[in-house]
>>> print(open('run08.pdb').read())   # PDB, C-alpha atoms (C1' of nucleotides)
ATOM      1  CA  MET A   1     111.411 108.218  79.877
ATOM      2  CA  THR A   2     114.268 110.675  79.641
ATOM      3  CA  ALA A   3     114.643 114.428  79.568
ATOM      4  CA  ALA A   4     115.114 114.296  75.802
ATOM      5  CA  ALA A   5     111.898 112.341  75.440
ATOM      6  CA  LEU A   6     110.033 115.108  77.236
ATOM      7  CA  LEU A   7     111.357 117.660  74.747
ATOM      8  CA  ASN A   8     110.193 115.450  71.914
ATOM      9  CA  THR A   9     106.740 115.274  73.429
ATOM     10  CA  ILE A  10     106.661 119.059  73.514
ATOM     11  CA  ARG A  11     107.614 119.295  69.844
ATOM     12  CA  ALA A  12     105.262 116.462  68.935
ATOM     13  CA  ASN A  13     102.435 118.601  70.248
ATOM     14  CA  GLY A  14     103.392 121.502  67.998
ATOM     15  CA  LEU A  15     104.846 123.504  70.863
ATOM     16  CA  ARG A  16     108.238 125.141  71.068
ATOM     17  CA  VAL A  17     111.132 124.325  73.322
ATOM     18  CA  SER A  18     111.761 127.774  74.715
ATOM     19  CA  THR A  19     114.200 128.780  77.397
ATOM     20  CA  ALA A  20     111.494 129.358  79.982
ATOM     21  CA  ARG A  21     109.909 126.000  79.185
ATOM     22  CA  ARG A  22     113.240 124.235  79.609
ATOM     23  CA  CYS A  23     113.802 125.951  82.954
ATOM     24  CA  VAL A  24     110.507 124.622  84.239
ATOM     25  CA  LEU A  25     111.367 121.111  83.101
ATOM     26  CA  ASP A  26     114.876 121.325  84.530
ATOM     27  CA  SER A  27     113.492 122.375  87.926
ATOM     28  CA  LEU A  28     111.070 119.479  87.926
ATOM     29  CA  LEU A  29     113.725 117.026  86.783
ATOM     30  CA  ALA A  30     116.040 118.144  89.580
ATOM     31  CA  ALA A  31     113.370 118.042  92.285
ATOM     32  CA  GLU A  32     112.917 115.226  94.778
ATOM     33  CA  GLN A  33     109.456 116.419  95.753
ATOM     34  CA  PRO A  34     106.618 118.260  94.014
ATOM     35  CA  LEU A  35     107.429 121.969  93.732
ATOM     36  CA  THR A  36     105.373 125.126  93.965
ATOM     37  CA  ALA A  37     105.216 127.560  91.053
ATOM     38  CA  GLU A  38     107.187 130.005  93.160
ATOM     39  CA  GLU A  39     109.933 127.459  93.806
ATOM     40  CA  ILE A  40     110.115 126.727  90.092
ATOM     41  CA  ALA A  41     110.153 130.393  89.122
ATOM     42  CA  GLY A  42     112.899 131.410  91.530
ATOM     43  CA  SER A  43     113.717 134.949  90.494
ATOM     44  CA  GLY A  44     112.114 134.485  87.061
ATOM     45  CA  ASP A  45     108.632 135.421  85.848
ATOM     46  CA  ILE A  46     106.005 133.476  87.738
ATOM     47  CA  ALA A  47     103.196 134.122  85.254
ATOM     48  CA  SER A  48     105.177 132.322  82.549
ATOM     49  CA  VAL A  49     105.798 129.469  84.937
ATOM     50  CA  TYR A  50     102.086 129.077  85.596
ATOM     51  CA  ARG A  51     101.344 129.231  81.879
ATOM     52  CA  ASN A  52     103.990 126.646  81.090
ATOM     53  CA  LEU A  53     102.884 124.327  83.860
ATOM     54  CA  GLU A  54      99.352 124.459  82.491
ATOM     55  CA  THR A  55     100.573 123.734  78.981
ATOM     56  CA  LEU A  56     102.768 120.864  80.150
ATOM     57  CA  GLU A  57      99.882 119.443  82.122
ATOM     58  CA  GLU A  58      97.648 119.563  79.049
ATOM     59  CA  ILE A  59     100.094 117.469  77.039
ATOM     60  CA  GLY A  60     100.469 114.983  79.863
ATOM     61  CA  ILE A  61     103.987 115.739  81.068
ATOM     62  CA  VAL A  62     103.183 117.439  84.341
ATOM     63  CA  ARG A  63     100.780 116.709  87.141
ATOM     64  CA  HIS A  64      99.221 119.195  89.520
ATOM     65  CA  VAL A  65      98.814 118.028  93.136
ATOM     66  CA  HIS A  66      97.471 119.472  96.387
ATOM     67  CA  LEU A  67      99.351 117.837  99.200
ATOM     68  CA  GLY A  68      97.973 119.990 102.009
ATOM     69  CA  HIS A  69      97.214 123.630 102.660
ATOM     70  CA  GLY A  70      99.211 126.228 100.833
ATOM     71  CA  PRO A  71      99.918 126.595  97.138
ATOM     72  CA  GLY A  72      99.512 123.841  94.572
ATOM     73  CA  ARG A  73     102.535 121.748  93.669
ATOM     74  CA  TYR A  74     103.766 120.298  90.428
ATOM     75  CA  VAL A  75     105.554 117.053  89.543
ATOM     76  CA  LEU A  76     106.578 115.245  86.393
ATOM     77  CA  LYS A  77     103.803 112.793  85.659
ATOM     78  CA  MET A  78     106.340 110.010  85.160
ATOM     79  CA  ARG A  79     107.357 110.468  88.773
ATOM     80  CA  SER A  80     103.868 110.793  90.164
ATOM     81  CA  GLY A  81     101.342 108.216  91.333
ATOM     82  CA  GLY A  82      99.187 107.831  94.422
ATOM     83  CA  TRP A  83     100.090 110.182  97.270
ATOM     84  CA  ALA A  84      99.802 109.966 101.024
ATOM     85  CA  THR A  85     100.328 112.927 103.344
ATOM     86  CA  CYS A  86     100.691 112.849 107.109
ATOM     87  CA  ASP A  87      98.467 115.351 108.906
ATOM     88  CA  ARG A  88     100.948 115.616 111.770
ATOM     89  CA  CYS A  89     104.452 115.749 110.326
ATOM     90  CA  GLY A  90     103.295 117.005 106.930
ATOM     91  CA  ARG A  91     105.479 114.600 104.962
ATOM     92  CA  SER A  92     104.161 113.426 101.597
ATOM     93  CA  THR A  93     105.177 110.133 100.038
ATOM     94  CA  LEU A  94     104.277 108.103  96.986
ATOM     95  CA  LEU A  95     102.317 104.957  97.753
ATOM     96  CA  ASN A  96     104.096 101.874  96.515
ATOM     97  CA  PRO A  97     102.349 100.344  93.485
ATOM     98  CA  GLU A  98     101.080  97.258  95.301
ATOM     99  CA  ALA A  99      99.557  99.285  98.119
ATOM    100  CA  LEU A 100      97.948 101.609  95.588
ATOM    101  CA  GLN A 101      96.484  98.683  93.690
ATOM    102  CA  ARG A 102      94.992  97.102  96.765
ATOM    103  CA  ILE A 103      93.499 100.390  97.938
ATOM    104  CA  ARG A 104      92.045 101.109  94.512
ATOM    105  CA  ALA A 105      90.489  97.663  94.425
ATOM    106  CA  VAL A 106      88.711  98.135  97.748
ATOM    107  CA  VAL A 107      87.528 101.624  96.803
ATOM    108  CA  MET A 108      86.107 100.225  93.593
ATOM    109  CA  ASP A 109      84.526  97.328  95.415
ATOM    110  CA  THR A 110      82.955  99.311  98.245
ATOM    111  CA  ALA A 111      82.213 102.681  96.682
ATOM    112  CA  GLY A 112      82.238 101.966  92.936
ATOM    113  CA  PHE A 113      84.860 104.653  92.373
ATOM    114  CA  ASP A 114      87.839 104.386  90.068
ATOM    115  CA  ALA A 115      90.260 106.418  92.189
ATOM    116  CA  GLY A 116      93.941 107.190  91.787
ATOM    117  CA  PHE A 117      95.009 109.571  94.600
ATOM    118  CA  GLY A 118      97.060 111.442  92.029
ATOM    119  CA  HIS A 119      95.564 114.879  92.716
ATOM    120  CA  PHE A 120      94.543 114.863  96.390
ATOM    121  CA  PRO A 121      96.542 112.549  98.640
ATOM    122  CA  ILE A 122      95.298 110.112 101.212
ATOM    123  CA  VAL A 123      95.508 112.247 104.342
ATOM    124  CA  GLY A 124      96.033 110.544 107.658
ATOM    125  CA  THR A 125      98.499 109.959 110.424
ATOM    126  CA  CYS A 126     101.598 108.029 109.456
ATOM    127  CA  THR A 127     102.995 105.170 111.501
ATOM    128  CA  ASP A 128     105.835 107.232 112.964
ATOM    129  CA  CYS A 129     103.489 109.963 114.177
ATOM    130  CA  THR A 130     100.912 107.493 115.509
ATOM    131  CA  GLN A 131     103.570 105.819 117.644
ATOM    132  CA  ALA A 132     105.029 109.107 118.877
TER     133      ALA A 132
ATOM    134  CA  MET B   1      72.617 116.291 118.098
ATOM    135  CA  THR B   2      70.195 119.176 117.639
ATOM    136  CA  ALA B   3      70.468 122.835 116.782
ATOM    137  CA  ALA B   4      70.028 123.721 120.455
ATOM    138  CA  ALA B   5      72.868 121.380 121.399
ATOM    139  CA  LEU B   6      75.165 123.288 119.043
ATOM    140  CA  LEU B   7      74.323 126.554 120.790
ATOM    141  CA  ASN B   8      75.107 124.918 124.122
ATOM    142  CA  THR B   9      78.458 123.800 122.808
ATOM    143  CA  ILE B  10      79.198 127.376 121.814
ATOM    144  CA  ARG B  11      78.321 128.665 125.291
ATOM    145  CA  ALA B  12      80.170 125.787 126.937
ATOM    146  CA  ASN B  13      83.305 127.031 125.221
ATOM    147  CA  GLY B  14      82.885 130.507 126.687
ATOM    148  CA  LEU B  15      81.777 131.969 123.362
ATOM    149  CA  ARG B  16      78.706 134.092 122.657
ATOM    150  CA  VAL B  17      75.708 133.240 120.571
ATOM    151  CA  SER B  18      75.690 136.277 118.348
ATOM    152  CA  THR B  19      73.417 136.985 115.425
ATOM    153  CA  ALA B  20      76.185 136.476 112.875
ATOM    154  CA  ARG B  21      77.168 133.184 114.510
ATOM    155  CA  ARG B  22      73.569 131.966 114.430
ATOM    156  CA  CYS B  23      73.266 132.864 110.752
ATOM    157  CA  VAL B  24      76.285 130.717 109.924
ATOM    158  CA  LEU B  25      74.835 127.789 111.859
ATOM    159  CA  ASP B  26      71.400 128.248 110.295
ATOM    160  CA  SER B  27      72.913 128.180 106.797
ATOM    161  CA  LEU B  28      74.807 125.005 107.566
ATOM    162  CA  LEU B  29      71.770 123.384 109.182
ATOM    163  CA  ALA B  30      69.661 124.165 106.141
ATOM    164  CA  ALA B  31      72.240 122.958 103.621
ATOM    165  CA  GLU B  32      72.207 119.588 101.893
ATOM    166  CA  GLN B  33      75.808 119.904 100.793
ATOM    167  CA  PRO B  34      78.942 121.611 102.124
ATOM    168  CA  LEU B  35      78.773 125.350 101.467
ATOM    169  CA  THR B  36      81.351 127.980 100.537
ATOM    170  CA  ALA B  37      81.926 130.979 102.797
ATOM    171  CA  GLU B  38      80.383 133.130 100.100
ATOM    172  CA  GLU B  39      77.248 131.010  99.987
ATOM    173  CA  ILE B  40      76.975 131.233 103.748
ATOM    174  CA  ALA B  41      77.566 134.977 103.811
ATOM    175  CA  GLY B  42      75.006 135.818 101.128
ATOM    176  CA  SER B  43      74.816 139.606 101.258
ATOM    177  CA  GLY B  44      76.349 139.731 104.747
ATOM    178  CA  ASP B  45      79.935 140.323 105.805
ATOM    179  CA  ILE B  46      82.184 137.558 104.546
ATOM    180  CA  ALA B  47      85.085 138.317 106.904
ATOM    181  CA  SER B  48      82.839 137.591 109.891
ATOM    182  CA  VAL B  49      81.727 134.383 108.238
ATOM    183  CA  TYR B  50      85.327 133.231 107.817
ATOM    184  CA  ARG B  51      86.094 134.158 111.414
ATOM    185  CA  ASN B  52      83.065 132.319 112.712
ATOM    186  CA  LEU B  53      83.743 129.257 110.642
ATOM    187  CA  GLU B  54      87.241 129.115 112.051
ATOM    188  CA  THR B  55      85.930 129.483 115.596
ATOM    189  CA  LEU B  56      83.282 126.813 115.078
ATOM    190  CA  GLU B  57      85.868 124.500 113.603
ATOM    191  CA  GLU B  58      88.113 124.982 116.633
ATOM    192  CA  ILE B  59      85.370 123.884 119.010
ATOM    193  CA  GLY B  60      84.546 120.884 116.856
ATOM    194  CA  ILE B  61      81.201 121.900 115.377
ATOM    195  CA  VAL B  62      82.248 122.609 111.822
ATOM    196  CA  ARG B  63      84.481 120.839 109.354
ATOM    197  CA  HIS B  64      86.430 122.366 106.495
ATOM    198  CA  VAL B  65      86.590 120.314 103.278
ATOM    199  CA  HIS B  66      88.126 120.687  99.809
ATOM    200  CA  LEU B  67      85.970 118.731  97.421
ATOM    201  CA  GLY B  68      87.637 119.886  94.210
ATOM    202  CA  HIS B  69      88.976 123.093  92.718
ATOM    203  CA  GLY B  70      87.500 126.365  93.841
ATOM    204  CA  PRO B  71      86.929 127.712  97.314
ATOM    205  CA  GLY B  72      86.880 125.625 100.472
ATOM    206  CA  ARG B  73      83.556 124.350 101.752
ATOM    207  CA  TYR B  74      82.140 123.946 105.220
ATOM    208  CA  VAL B  75      79.815 121.365 106.795
ATOM    209  CA  LEU B  76      78.527 120.577 110.249
ATOM    210  CA  LYS B  77      80.852 117.957 111.649
ATOM    211  CA  MET B  78      77.883 115.834 112.695
ATOM    212  CA  ARG B  79      76.934 115.566 109.049
ATOM    213  CA  SER B  80      80.427 114.947 107.730
ATOM    214  CA  GLY B  81      82.474 111.786 107.311
ATOM    215  CA  GLY B  82      84.487 110.319 104.466
ATOM    216  CA  TRP B  83      83.951 112.023 101.110
ATOM    217  CA  ALA B  84      84.151 110.861  97.518
ATOM    218  CA  THR B  85      84.091 113.239  94.548
ATOM    219  CA  CYS B  86      83.644 112.317  90.913
ATOM    220  CA  ASP B  87      86.216 113.888  88.625
ATOM    221  CA  ARG B  88      83.765 113.878  85.722
ATOM    222  CA  CYS B  89      80.355 114.939  87.004
ATOM    223  CA  GLY B  90      81.782 116.756  90.016
ATOM    224  CA  ARG B  91      79.252 115.321  92.457
ATOM    225  CA  SER B  92      80.417 114.764  96.029
ATOM    226  CA  THR B  93      78.894 112.166  98.300
ATOM    227  CA  LEU B  94      79.495 110.799 101.767
ATOM    228  CA  LEU B  95      80.893 107.283 101.828
ATOM    229  CA  ASN B  96      78.656 104.929 103.740
ATOM    230  CA  PRO B  97      80.175 103.899 107.071
ATOM    231  CA  GLU B  98      80.890 100.292 106.081
ATOM    232  CA  ALA B  99      82.670 101.321 102.886
ATOM    233  CA  LEU B 100      84.683 103.891 104.821
ATOM    234  CA  GLN B 101      85.691 101.304 107.399
ATOM    235  CA  ARG B 102      86.854  98.821 104.811
ATOM    236  CA  ILE B 103      88.821 101.467 102.935
ATOM    237  CA  ARG B 104      90.445 102.719 106.133
ATOM    238  CA  ALA B 105      91.411  99.167 106.985
ATOM    239  CA  VAL B 106      93.272  98.553 103.700
ATOM    240  CA  VAL B 107      94.967 101.906 103.871
ATOM    241  CA  MET B 108      96.177 101.074 107.362
ATOM    242  CA  ASP B 109      97.200  97.605 106.295
ATOM    243  CA  THR B 110      99.032  98.551 103.109
ATOM    244  CA  ALA B 111     100.370 102.035 103.845
ATOM    245  CA  GLY B 112     100.292 102.254 107.648
ATOM    246  CA  PHE B 113      98.165 105.392 107.516
ATOM    247  CA  ASP B 114      95.229 106.187 109.743
ATOM    248  CA  ALA B 115      93.139 108.027 107.145
ATOM    249  CA  GLY B 116      89.636 109.464 107.280
ATOM    250  CA  PHE B 117      88.910 111.256 103.962
ATOM    251  CA  GLY B 118      87.241 113.992 105.963
ATOM    252  CA  HIS B 119      89.284 116.858 104.517
ATOM    253  CA  PHE B 120      90.221 115.797 100.985
ATOM    254  CA  PRO B 121      87.847 113.371  99.290
ATOM    255  CA  ILE B 122      88.619 110.213  97.414
ATOM    256  CA  VAL B 123      88.712 111.545  93.852
ATOM    257  CA  GLY B 124      87.822 109.189  91.036
ATOM    258  CA  THR B 125      85.253 108.383  88.422
ATOM    259  CA  CYS B 126      81.891 107.307  89.775
ATOM    260  CA  THR B 127      79.997 104.300  88.445
ATOM    261  CA  ASP B 128      77.513 106.409  86.463
ATOM    262  CA  CYS B 129      80.265 108.312  84.679
ATOM    263  CA  THR B 130      82.368 105.202  84.052
ATOM    264  CA  GLN B 131      79.442 103.529  82.296
ATOM    265  CA  ALA B 132      78.553 106.611  80.290
TER     266      ALA B 132
ATOM    267  C1'  DA C   1      80.540 146.996 132.736
ATOM    268  C1'  DT C   2      83.512 144.484 130.047
ATOM    269  C1'  DA C   3      85.032 141.299 127.066
ATOM    270  C1'  DC C   4      83.733 139.179 122.963
ATOM    271  C1'  DT C   5      82.108 140.317 118.168
ATOM    272  C1'  DT C   6      80.961 142.672 114.236
ATOM    273  C1'  DG C   7      81.526 145.159 109.891
ATOM    274  C1'  DC C   8      84.203 147.752 106.952
ATOM    275  C1'  DA C   9      88.505 148.554 104.671
ATOM    276  C1'  DA C  10      92.798 147.225 103.500
ATOM    277  C1'  DA C  11      96.399 143.638 103.224
ATOM    278  C1'  DT C  12      97.933 139.184 101.728
ATOM    279  C1'  DG C  13      98.661 135.032  98.960
ATOM    280  C1'  DA C  14      97.775 132.304  94.803
ATOM    281  C1'  DT C  15      96.699 132.345  90.222
ATOM    282  C1'  DT C  16      95.101 134.377  85.835
ATOM    283  C1'  DT C  17      94.842 137.640  82.015
ATOM    284  C1'  DG C  18      95.963 141.533  78.594
ATOM    285  C1'  DC C  19      99.249 143.223  75.891
ATOM    286  C1'  DC C  20     103.193 143.940  73.108
ATOM    287  C1'  DA C  21     107.904 142.912  72.368
ATOM    288  C1'  DG C  22     110.929 138.925  71.671
ATOM    289  C1'  DT C  23     112.278 134.361  69.726
ATOM    290  C1'  DG C  24     112.059 129.403  67.977
ATOM    291  C1'  DT C  25     111.119 126.925  63.808
TER     292       DT C  25
ATOM    293  C1'  DA D   1     108.310 135.557  58.115
ATOM    294  C1'  DC D   2     104.971 134.060  61.371
ATOM    295  C1'  DA D   3     103.005 132.095  64.980
ATOM    296  C1'  DC D   4     104.178 130.819  69.428
ATOM    297  C1'  DT D   5     106.091 132.734  73.924
ATOM    298  C1'  DG D   6     107.937 135.632  77.433
ATOM    299  C1'  DG D   7     107.838 139.254  80.682
ATOM    300  C1'  DC D   8     105.695 142.993  82.925
ATOM    301  C1'  DA D   9     101.672 145.056  84.972
ATOM    302  C1'  DA D  10      97.219 144.757  86.399
ATOM    303  C1'  DA D  11      93.125 142.031  87.450
ATOM    304  C1'  DT D  12      90.876 138.382  89.945
ATOM    305  C1'  DC D  13      89.707 135.106  93.520
ATOM    306  C1'  DA D  14      90.051 133.279  98.287
ATOM    307  C1'  DT D  15      91.207 134.353 102.738
ATOM    308  C1'  DT D  16      93.141 137.075 106.584
ATOM    309  C1'  DT D  17      93.976 141.045 109.542
ATOM    310  C1'  DG D  18      93.564 145.815 111.862
ATOM    311  C1'  DC D  19      90.611 148.601 114.102
ATOM    312  C1'  DA D  20      86.844 151.319 115.936
ATOM    313  C1'  DA D  21      82.020 150.742 117.071
ATOM    314  C1'  DG D  22      78.399 147.451 118.679
ATOM    315  C1'  DT D  23      76.381 143.837 121.672
ATOM    316  C1'  DA D  24      75.787 139.421 124.492
ATOM    317  C1'  DT D  25      76.307 138.075 129.081
TER     318       DT D  25
END
>>> encode(input="run08.pdb", output="structure tokens")
Amino acid sequence: MTAAALLNTIRANGLRVSTARRCVLDSLLAAEQPLTAEEIAGSGDIASVYRNLETLEEIGIVRHVHLGHGPGRYVLKMRSGGWATCDRCGRSTLLNPEALQRIRAVVMDTAGFDAGFGHFPIVGTCTDCTQA
Amino acid sequence: MTAAALLNTIRANGLRVSTARRCVLDSLLAAEQPLTAEEIAGSGDIASVYRNLETLEEIGIVRHVHLGHGPGRYVLKMRSGGWATCDRCGRSTLLNPEALQRIRAVVMDTAGFDAGFGHFPIVGTCTDCTQA
DNA sequence: ATACTTGCAAATGATTTGCCAGTGT
DNA sequence: ACACTGGCAAATCATTTGCAAGTAT
């Protein structure tokens, strides 16, 4: 999945590739971590950023996550997955696919829930912080 | 743990049992589910409710949870635990202790995280909604 | 008596909406 | 051209803070 493919998805949904829309995508493509709307907007118009994020989420390009307190954050869906956040150091990381699968299986088995941890993370204390 | 024991905890922490504080506790004692600050306040002063909830959380009586979008919710800690919320029907339930233990164990084993699901729930589709 | 608390108002932070001018197709 | 979008201002929702008056101990 490339940047060009994302633009095609936008057009395929009957939407336009506007400058503001591209800026949002470029921010997300350049980011290592999920970003807040404010971080994406920079000095630009934040209302447009929120509107575009909502639109991009509707067509399945963007994912909205809440990794802790504070504002919501946004990531490209292709770079998202199951999240884990440390309640001490605050770091958020993606669960590796095997770990996610095993956790999902137990949740399904014990609670009957088909869970993904793609919106709220697993919150707990990470190994580093537990040892410290 | 009784209602009277909660009042003792308040006094034991050098705090006063005021009318507003009692009202917050009474709301939480009467509730079946976590409540929003607005629900707790009713027609009363919501700023005092927020302040009291924060105080009660600090002394370990109350727990703050985010079960989905919308405002935060508050429960008595003695009635809280690991939460699961269905992303279709929106219902939130407490995980039974055995399920919670097994889930915590895999999370520790696969991701190295000591997680409790006491603040953010496990979000997924519940059995009823999956079948429907 | 003296802190701790309240209640009101106002401030703050995050997000949404109305509206009209601007622009991609 | 024509509908989709952007940008600005204002509204809304959740929560916090300042402060003078009230009250539990």
>>> resolve_selection(input="run08.pdb", expression="the PyMOL selection byres ((chain B) within 12 of (chain A))", output="PDB file with C-alpha atoms, in the coordinates of the input")
ATOM      1  CA  HIS B  64      86.430 122.366 106.495  1.00  0.00           C
ATOM      2  CA  VAL B  65      86.590 120.314 103.278  1.00  0.00           C
ATOM      3  CA  HIS B  66      88.126 120.687  99.809  1.00  0.00           C
ATOM      4  CA  LEU B  67      85.970 118.731  97.421  1.00  0.00           C
ATOM      5  CA  GLY B  68      87.637 119.886  94.210  1.00  0.00           C
ATOM      6  CA  HIS B  69      88.976 123.093  92.718  1.00  0.00           C
ATOM      7  CA  GLY B  72      86.880 125.625 100.472  1.00  0.00           C
ATOM      8  CA  GLY B  82      84.487 110.319 104.466  1.00  0.00           C
ATOM      9  CA  TRP B  83      83.951 112.023 101.110  1.00  0.00           C
ATOM     10  CA  ALA B  84      84.151 110.861  97.518  1.00  0.00           C
ATOM     11  CA  THR B  85      84.091 113.239  94.548  1.00  0.00           C
ATOM     12  CA  CYS B  86      83.644 112.317  90.913  1.00  0.00           C
ATOM     13  CA  ASP B  87      86.216 113.888  88.625  1.00  0.00           C
ATOM     14  CA  ARG B  88      83.765 113.878  85.722  1.00  0.00           C
ATOM     15  CA  SER B  92      80.417 114.764  96.029  1.00  0.00           C
ATOM     16  CA  THR B  93      78.894 112.166  98.300  1.00  0.00           C
ATOM     17  CA  LEU B  94      79.495 110.799 101.767  1.00  0.00           C
ATOM     18  CA  LEU B  95      80.893 107.283 101.828  1.00  0.00           C
ATOM     19  CA  ASN B  96      78.656 104.929 103.740  1.00  0.00           C
ATOM     20  CA  PRO B  97      80.175 103.899 107.071  1.00  0.00           C
ATOM     21  CA  GLU B  98      80.890 100.292 106.081  1.00  0.00           C
ATOM     22  CA  ALA B  99      82.670 101.321 102.886  1.00  0.00           C
ATOM     23  CA  LEU B 100      84.683 103.891 104.821  1.00  0.00           C
ATOM     24  CA  GLN B 101      85.691 101.304 107.399  1.00  0.00           C
ATOM     25  CA  ARG B 102      86.854  98.821 104.811  1.00  0.00           C
ATOM     26  CA  ILE B 103      88.821 101.467 102.935  1.00  0.00           C
ATOM     27  CA  ARG B 104      90.445 102.719 106.133  1.00  0.00           C
ATOM     28  CA  ALA B 105      91.411  99.167 106.985  1.00  0.00           C
ATOM     29  CA  VAL B 106      93.272  98.553 103.700  1.00  0.00           C
ATOM     30  CA  VAL B 107      94.967 101.906 103.871  1.00  0.00           C
ATOM     31  CA  MET B 108      96.177 101.074 107.362  1.00  0.00           C
ATOM     32  CA  ASP B 109      97.200  97.605 106.295  1.00  0.00           C
ATOM     33  CA  THR B 110      99.032  98.551 103.109  1.00  0.00           C
ATOM     34  CA  ALA B 111     100.370 102.035 103.845  1.00  0.00           C
ATOM     35  CA  GLY B 112     100.292 102.254 107.648  1.00  0.00           C
ATOM     36  CA  PHE B 113      98.165 105.392 107.516  1.00  0.00           C
ATOM     37  CA  ASP B 114      95.229 106.187 109.743  1.00  0.00           C
ATOM     38  CA  ALA B 115      93.139 108.027 107.145  1.00  0.00           C
ATOM     39  CA  GLY B 116      89.636 109.464 107.280  1.00  0.00           C
ATOM     40  CA  PHE B 117      88.910 111.256 103.962  1.00  0.00           C
ATOM     41  CA  GLY B 118      87.241 113.992 105.963  1.00  0.00           C
ATOM     42  CA  HIS B 119      89.284 116.858 104.517  1.00  0.00           C
ATOM     43  CA  PHE B 120      90.221 115.797 100.985  1.00  0.00           C
ATOM     44  CA  PRO B 121      87.847 113.371  99.290  1.00  0.00           C
ATOM     45  CA  ILE B 122      88.619 110.213  97.414  1.00  0.00           C
ATOM     46  CA  VAL B 123      88.712 111.545  93.852  1.00  0.00           C
ATOM     47  CA  GLY B 124      87.822 109.189  91.036  1.00  0.00           C
ATOM     48  CA  THR B 125      85.253 108.383  88.422  1.00  0.00           C
ATOM     49  CA  CYS B 126      81.891 107.307  89.775  1.00  0.00           C
ATOM     50  CA  THR B 127      79.997 104.300  88.445  1.00  0.00           C
ATOM     51  CA  ASP B 128      77.513 106.409  86.463  1.00  0.00           C
ATOM     52  CA  CYS B 129      80.265 108.312  84.679  1.00  0.00           C
ATOM     53  CA  THR B 130      82.368 105.202  84.052  1.00  0.00           C
ATOM     54  CA  GLN B 131      79.442 103.529  82.296  1.00  0.00           C
TER      55      GLN B 131
END
>>> closest_atom_pairs(input="run08.pdb", of="range 16-95 of chain A", to="range 18-25 of chain C", cutoff="12 Å", atoms="only C-alpha atoms (C1' of nucleotides)", output="tab-separated table")
residue	atom	partner	partner_atom	distance
A:Arg16	CA	C:DG24	C1'	6.5
A:Val17	CA	C:DG24	C1'	7.4
A:Ser18	CA	C:DG24	C1'	6.9
A:Thr19	CA	C:DT23	C1'	9.7
A:Ala20	CA	C:DT23	C1'	11.4
A:Arg21	CA	C:DG24	C1'	11.9
>>> write_last_selection(input="run08.pdb", atoms="C-alpha atoms", output="PDB file, keeping the file's coordinate frame")
ATOM      1  CA  ARG A  16     108.238 125.141  71.068  1.00  0.00           C
ATOM      2  CA  VAL A  17     111.132 124.325  73.322  1.00  0.00           C
ATOM      3  CA  SER A  18     111.761 127.774  74.715  1.00  0.00           C
ATOM      4  CA  THR A  19     114.200 128.780  77.397  1.00  0.00           C
ATOM      5  CA  ALA A  20     111.494 129.358  79.982  1.00  0.00           C
ATOM      6  CA  ARG A  21     109.909 126.000  79.185  1.00  0.00           C
TER       7      ARG A  21
END
>>> resolve_selection(input="run08.pdb", expression="the PyMOL selection byres ((chain D and resi 21) around 12)", output="count of residues only")
8
>>> resolve_selection(input="run08.pdb", expression="the PyMOL selection byres ((chain A and resi 13) around 12)", output="number ranges by chain")
A: 6-12, 14-17, 55-56, 58-61
>>> write_last_selection(input="run08.pdb", atoms="C-alpha atoms", output="PDB file, in the coordinates of the input")
ATOM      1  CA  LEU A   6     110.033 115.108  77.236  1.00  0.00           C
ATOM      2  CA  LEU A   7     111.357 117.660  74.747  1.00  0.00           C
ATOM      3  CA  ASN A   8     110.193 115.450  71.914  1.00  0.00           C
ATOM      4  CA  THR A   9     106.740 115.274  73.429  1.00  0.00           C
ATOM      5  CA  ILE A  10     106.661 119.059  73.514  1.00  0.00           C
ATOM      6  CA  ARG A  11     107.614 119.295  69.844  1.00  0.00           C
ATOM      7  CA  ALA A  12     105.262 116.462  68.935  1.00  0.00           C
ATOM      8  CA  GLY A  14     103.392 121.502  67.998  1.00  0.00           C
ATOM      9  CA  LEU A  15     104.846 123.504  70.863  1.00  0.00           C
ATOM     10  CA  ARG A  16     108.238 125.141  71.068  1.00  0.00           C
ATOM     11  CA  VAL A  17     111.132 124.325  73.322  1.00  0.00           C
ATOM     12  CA  THR A  55     100.573 123.734  78.981  1.00  0.00           C
ATOM     13  CA  LEU A  56     102.768 120.864  80.150  1.00  0.00           C
ATOM     14  CA  GLU A  58      97.648 119.563  79.049  1.00  0.00           C
ATOM     15  CA  ILE A  59     100.094 117.469  77.039  1.00  0.00           C
ATOM     16  CA  GLY A  60     100.469 114.983  79.863  1.00  0.00           C
ATOM     17  CA  ILE A  61     103.987 115.739  81.068  1.00  0.00           C
TER      18      ILE A  61
END
>>> atom_distance(input="run08.pdb", atom1="C1' of DT12 in chain C", atom2="CA of Ala41 in chain A")
19.6 Å
>>> decode(input="run08.pdb", residues="range 92-103 of chain A", atoms="C-alpha atoms", output="compact mmCIF listing (two decimals), in the first residue's frame")
# COMPACT_ATOMS: atom_id res chain seq x y z
CA SER A 92 2.61 3.26 23.11
CA THR A 93 3.64 0.39 20.87
CA LEU A 94 2.02 -1.88 18.33
CA LEU A 95 1.60 -5.45 19.51
CA ASN A 96 3.36 -7.88 17.24
CA PRO A 97 0.90 -9.93 15.16
CA GLU A 98 1.53 -13.22 16.96
CA ALA A 99 1.01 -11.68 20.39
CA LEU A 100 -2.17 -10.00 19.16
CA GLN A 101 -3.48 -13.27 17.78
CA ARG A 102 -2.86 -15.16 20.98
CA ILE A 103 -4.47 -12.45 23.10
